[in-house]
Amino acid sequence: MTQQDIAEHIQDVMNRYTAGGLYEQMGISPRVIELGDEVCDSLKERFALFDKTAQANQLKVIGAMQKNRISAEHFNGSTGYGYNDAGRDDLEKVYADTFHTQDALVRAQITCGTHALSLALGANLRPGDEMVSISGKPYDTLEEVIGIRPSRGSLAEYGITYSQVELKEDGSFDFDAIQKALKPNTRLAAIQRSKGYLTRPSLSVEQIAEAISFVKELRPDIIVMVDNCYGEFVDVVEPSDFGADMTVGSLIKNPGGGLAPMGGYIAGTEECVENCAVRLTSPGLGREVGASLQVNRSLYQGLFLAPTVTAGALKGAVFAANLFERFGYRCIPDANERRNDIIQAIEFGCADGLKRFCEGIQAAAPVDSYVTPEPWAMPGYDSDVIMAAGAFIQGSSIELSADGPLHEPYAAYFQGGLTWEHARFGILKAFQKLCDAGLINGI
């Protein structure tokens with residue numbers, strides 16, 4: 001083979017494997033590729049800001065790991081009771097330092113975000129207490145935890161009452177209504193940072209900080225708990241920086257960086273966190289038990305990667321809003337709004353649009369890409385839900401995923417992508433599915 005033959009072969013490979021060529025091979029039409037390029041070109045400055053936030057958070061995480069002298073020995077696991085598990089115990093110190101709290105509980109035994117929230121509530125409320133949600137309706141799966149929908153083992157069954165204060169129409173806190181809602185037996189005020197299956201705006205850290213300050217000035221004795229799911233590392237500060245007694249989340253969302261195979265965290269005051277530890281295991285044992293098996297390395301490394309993984313997910317969310325808004329779809333947040341979590345809601349107005357979008361996200365997955373997602377009656381929800389997630393970790397919503405309940409306004413809630421490149425491909429694939437179904441006009 002001559003040098004000219006080699007050069008021609010290399011050029012042929014380059015022509016076939018440019019990004020556009022690969023996208024075409026993966027089922028994306030030239031026009032959709034062109035639209036994607038146009039949107040990306042318009043977002044360069046916005047993306048640079050996400051990278052700056054990731055840089056600040058990356059240094060924060062590294063600083064916490066260095067302060068606690070993390071070494072290779074911390075990656076060893078424990079079995080049985082899990083006594084003297086330095087990797088587990090020092091990971092909790094790293095989380096406390098990262099979130100600037102007195103203490104943290106980070107455990108594989110916490111099965112999901114709903115479990116972490118249920119644990120935080122059950123550990124710190126007693127019969128006769130009342131909790132009030134000051135950010136409106138909580139996420140669907142918490143309804144049975146609280147007892148809004150009757151369920152075995154709910155807080156209501158233990159004599160804990162509940163009330164809620166709706167946000168104002170503009171998505172801000174209603175401080176007058178909050179003041180009126182606080183009763184002598186109000187023990188805990190809950191704030192949900194993300195929108196859940198609602199089309200309200202997600203809450204900024206500044207808004208949450210103002211609400212925490214307002215409640216604490218009125219009643220310093222009230223515990224303020226923030227559901228931080230989907231919000232970690234989106235900003236350079238967290239609700240815990242502004243006095244939240246408990247900041248709660250899932251390790252298979254942002255802070256796990258896509259590597260954590262399970263788990264949840266609660267970061268906050270020593271008293272609240274210790275109560276959670278006792279509730280998780282048993283009185284007298286608390287945080288001393290709980291084997292980490294072989295997951296410590298994944299939890300440390302996932303946290304290390306979390307700032308950059310979150311930045312990639314943010315880029316994907318903004319890219320989706322800018323692409324779909326061009327064709328008349330309502331996006332929450334809209335194309336230009338500030339981001340307070342990684343979730344992008346897109347309203348399709350019909351079941352077929354929601355289904356097609358989820359089909360596209362599934363078809364873009366590295367795992368189970370050949371599967372067609374179908375709506376089903378998921379536990380904890382009051383309507384059929386369709387979910388698309390070809391993930392390495394089951395249910396991991398920091399990985400490329402989308403879901404939504406089958407009712408008006410038929411909104412898809414898109415999030416994740418362990419890399420920006422994967423998030424971009426997933427959105428283009430979903431957009432193409434809607435084009436092929438005749439639901440996108442003007443292509």
# chains A, B, ... in the order shown; residues from 1 in each chain; ligands from 1
call {"tool": "residues_around", "arguments": {"residues": "A:Glu166", "least_positions_apart": "2", "cutoff": "7 Å", "atoms": "only C-alpha atoms", "output": "list in words"}}
result
Ile134, Ser135, Gly136, Gln164 and Lys168 of chain A
call {"tool": "residues_around", "arguments": {"residues": "A:Tyr95", "least_positions_apart": "2", "cutoff": "8 Å", "atoms": "only C-alpha atoms", "output": "list in words"}}
result
Ala64, Leu91, Glu92, Lys93, Asp97, Thr98, Phe99, Ala104, Val106 and Ala267 of chain A
call {"tool": "residues_around", "arguments": {"residues": "A:Glu325", "least_positions_apart": "5", "cutoff": "9 Å", "atoms": "only C-alpha atoms", "output": "NGL selection string"}}
result
:A and (320 or 330-331 or 334-335 or 346)
call {"tool": "write_last_selection", "arguments": {"atoms": "N, CA and C atoms", "output": "PDB file, in the first residue's frame"}}
result
ATOM      1  N   ALA A 320     -32.010  20.865  24.799  1.00  0.00           N
ATOM      2  CA  ALA A 320     -33.362  20.381  24.511  1.00  0.00           C
ATOM      3  C   ALA A 320     -34.349  21.542  24.453  1.00  0.00           C
ATOM      4  N   ARG A 330     -43.858  24.100  24.549  1.00  0.00           N
ATOM      5  CA  ARG A 330     -43.580  24.809  25.794  1.00  0.00           C
ATOM      6  C   ARG A 330     -42.568  24.024  26.613  1.00  0.00           C
ATOM      7  N   CYS A 331     -41.532  24.708  27.040  1.00  0.00           N
ATOM      8  CA  CYS A 331     -40.477  24.087  27.828  1.00  0.00           C
ATOM      9  C   CYS A 331     -40.376  24.785  29.177  1.00  0.00           C
ATOM     10  N   ASP A 334     -37.721  27.617  30.325  1.00  0.00           N
ATOM     11  CA  ASP A 334     -37.652  27.929  28.904  1.00  0.00           C
ATOM     12  C   ASP A 334     -36.202  28.007  28.455  1.00  0.00           C
ATOM     13  N   ALA A 335     -36.007  28.305  27.196  1.00  0.00           N
ATOM     14  CA  ALA A 335     -34.671  28.229  26.593  1.00  0.00           C
ATOM     15  C   ALA A 335     -33.656  29.139  27.262  1.00  0.00           C
ATOM     16  N   ILE A 346     -40.878  19.206  28.926  1.00  0.00           N
ATOM     17  CA  ILE A 346     -41.365  19.612  27.602  1.00  0.00           C
ATOM     18  C   ILE A 346     -42.800  19.141  27.482  1.00  0.00           C
TER      19      ILE A 346
END
call {"tool": "closest_atom_pairs", "arguments": {"of": "stretch 54-173 of chain A", "to": "stretch 190-203 of chain A", "cutoff": "9 Å", "atoms": "only C-alpha atoms", "output": "Markdown table"}}
result
| residue | atom | partner | partner_atom | distance |
| --- | --- | --- | --- | --- |
| A:Met131 | CA | A:Ala190 | CA | 7.2 |
| A:Val132 | CA | A:Ala190 | CA | 6.2 |
| A:Ser133 | CA | A:Ala190 | CA | 4.6 |
| A:Ile134 | CA | A:Ile191 | CA | 5.9 |
| A:Ser135 | CA | A:Ile191 | CA | 5.4 |
| A:Gly136 | CA | A:Gln192 | CA | 8.3 |
| A:Lys137 | CA | A:Leu198 | CA | 8.8 |
| A:Pro138 | CA | A:Gln192 | CA | 6.7 |
| A:Tyr139 | CA | A:Gly196 | CA | 5.3 |
| A:Asp140 | CA | A:Tyr197 | CA | 7.4 |
| A:Leu167 | CA | A:Arg200 | CA | 8.8 |
| A:Glu169 | CA | A:Arg200 | CA | 8.6 |
| A:Asp170 | CA | A:Pro201 | CA | 8.2 |
| A:Gly171 | CA | A:Pro201 | CA | 5.8 |
| A:Ser172 | CA | A:Leu203 | CA | 8.0 |
call {"tool": "write_last_selection", "arguments": {"atoms": "C-alpha atoms", "output": "mmCIF file, in the first residue's frame"}}
result
data_model
loop_
_atom_site.group_PDB
_atom_site.id
_atom_site.type_symbol
_atom_site.label_atom_id
_atom_site.label_comp_id
_atom_site.auth_asym_id
_atom_site.auth_seq_id
_atom_site.Cartn_x
_atom_site.Cartn_y
_atom_site.Cartn_z
ATOM 1 C CA MET A 131 -45.010 18.903 58.920
ATOM 2 C CA VAL A 132 -45.768 21.599 56.392
ATOM 3 C CA SER A 133 -44.616 21.633 52.782
ATOM 4 C CA ILE A 134 -43.982 25.287 51.952
ATOM 5 C CA SER A 135 -43.285 24.628 48.273
ATOM 6 C CA GLY A 136 -46.677 23.163 47.401
ATOM 7 C CA LYS A 137 -47.471 19.583 46.511
ATOM 8 C CA PRO A 138 -44.539 17.199 47.081
ATOM 9 C CA TYR A 139 -43.322 14.621 44.609
ATOM 10 C CA ASP A 140 -45.830 11.848 43.921
ATOM 11 C CA LEU A 167 -46.263 28.634 45.733
ATOM 12 C CA GLU A 169 -48.349 31.846 40.435
ATOM 13 C CA ASP A 170 -44.844 33.072 39.547
ATOM 14 C CA GLY A 171 -43.295 30.135 41.413
ATOM 15 C CA SER A 172 -42.088 32.152 44.406
#
call {"tool": "closest_residue", "arguments": {"among": "A:Gly353, A:Gly416, A:Gly290, A:Gly82", "to": "A:Ile386", "atoms": "only C-alpha atoms"}}
result
A:Gly353
call {"tool": "select_by_dssp", "arguments": {"residues": "stretch 144-260 of chain A", "states": "strand (DSSP E or B)", "output": "PyMOL selection string"}}
result
chain A and resi 161-164+186-192+223-227+246-250
call {"tool": "residues_around", "arguments": {"residues": "A:Asp368", "least_positions_apart": "3", "cutoff": "10 Å", "atoms": "only C-alpha atoms", "output": "list of chain:residue names"}}
result
A:Gln362, A:Ala363, A:Ala364, A:Ala365, A:Val371, A:Thr372, A:Ala388, A:Ala389, A:Gly390, A:Ala391, A:Phe392
call {"tool": "closest_residue", "arguments": {"among": "A:Ala321, A:Leu121, A:Ile148, A:Ala377", "to": "A:Met225", "atoms": "only C-alpha atoms"}}
result
A:Leu121
call {"tool": "closest_residue", "arguments": {"among": "A:Leu251, A:Ala351, A:Ala260, A:Ala311", "to": "A:Asn57", "atoms": "only C-alpha atoms"}}
result
A:Ala311
call {"tool": "closest_residue", "arguments": {"among": "A:Asp103, A:Gly36, A:Asp85, A:Gln109", "to": "A:Thr281", "atoms": "only C-alpha atoms"}}
result
A:Gln109
call {"tool": "closest_residue", "arguments": {"among": "A:Trp420, A:Phe414, A:Phe357, A:Tyr370", "to": "A:Phe50", "atoms": "only C-alpha atoms"}}
result
A:Trp420
call {"tool": "select_by_dssp", "arguments": {"residues": "stretch 175-362 of chain A", "states": "helix (DSSP H, G or I)", "output": "number ranges by chain"}}
result
A: 175-181, 205-218, 239-242, 254-256, 270-280, 286-288, 296-325, 351-362
call {"tool": "closest_residue", "arguments": {"among": "A:Gly316, A:Gly286, A:Gly256, A:Gly21", "to": "A:Ile33", "atoms": "only C-alpha atoms"}}
result
A:Gly21
call {"tool": "residues_around", "arguments": {"residues": "stretch 301-306 of chain A", "least_positions_apart": "5", "cutoff": "10 Å", "atoms": "only C-alpha atoms", "output": "ChimeraX atom specification"}}
result
/A:54,57-62,65,75,91,94-95,98,232-233,251-261,296,311-312,398,418
call {"tool": "residues_around", "arguments": {"residues": "A:Leu43", "least_positions_apart": "2", "cutoff": "10 Å", "atoms": "only C-alpha atoms", "output": "PyMOL selection string"}}
result
chain A and resi 38-41+45-48+315+318-319+322
call {"tool": "residues_around", "arguments": {"residues": "A:Lys429", "least_positions_apart": "2", "cutoff": "9 Å", "atoms": "only C-alpha atoms", "output": "VMD selection string"}}
result
chain A and resid 26 to 28 357 359 to 364 424 to 427 431 to 434
call {"tool": "atom_distance", "arguments": {"atom1": "atom CA of A:Ala189", "atom2": "atom CA of A:Ile223"}}
result
6.2 Å
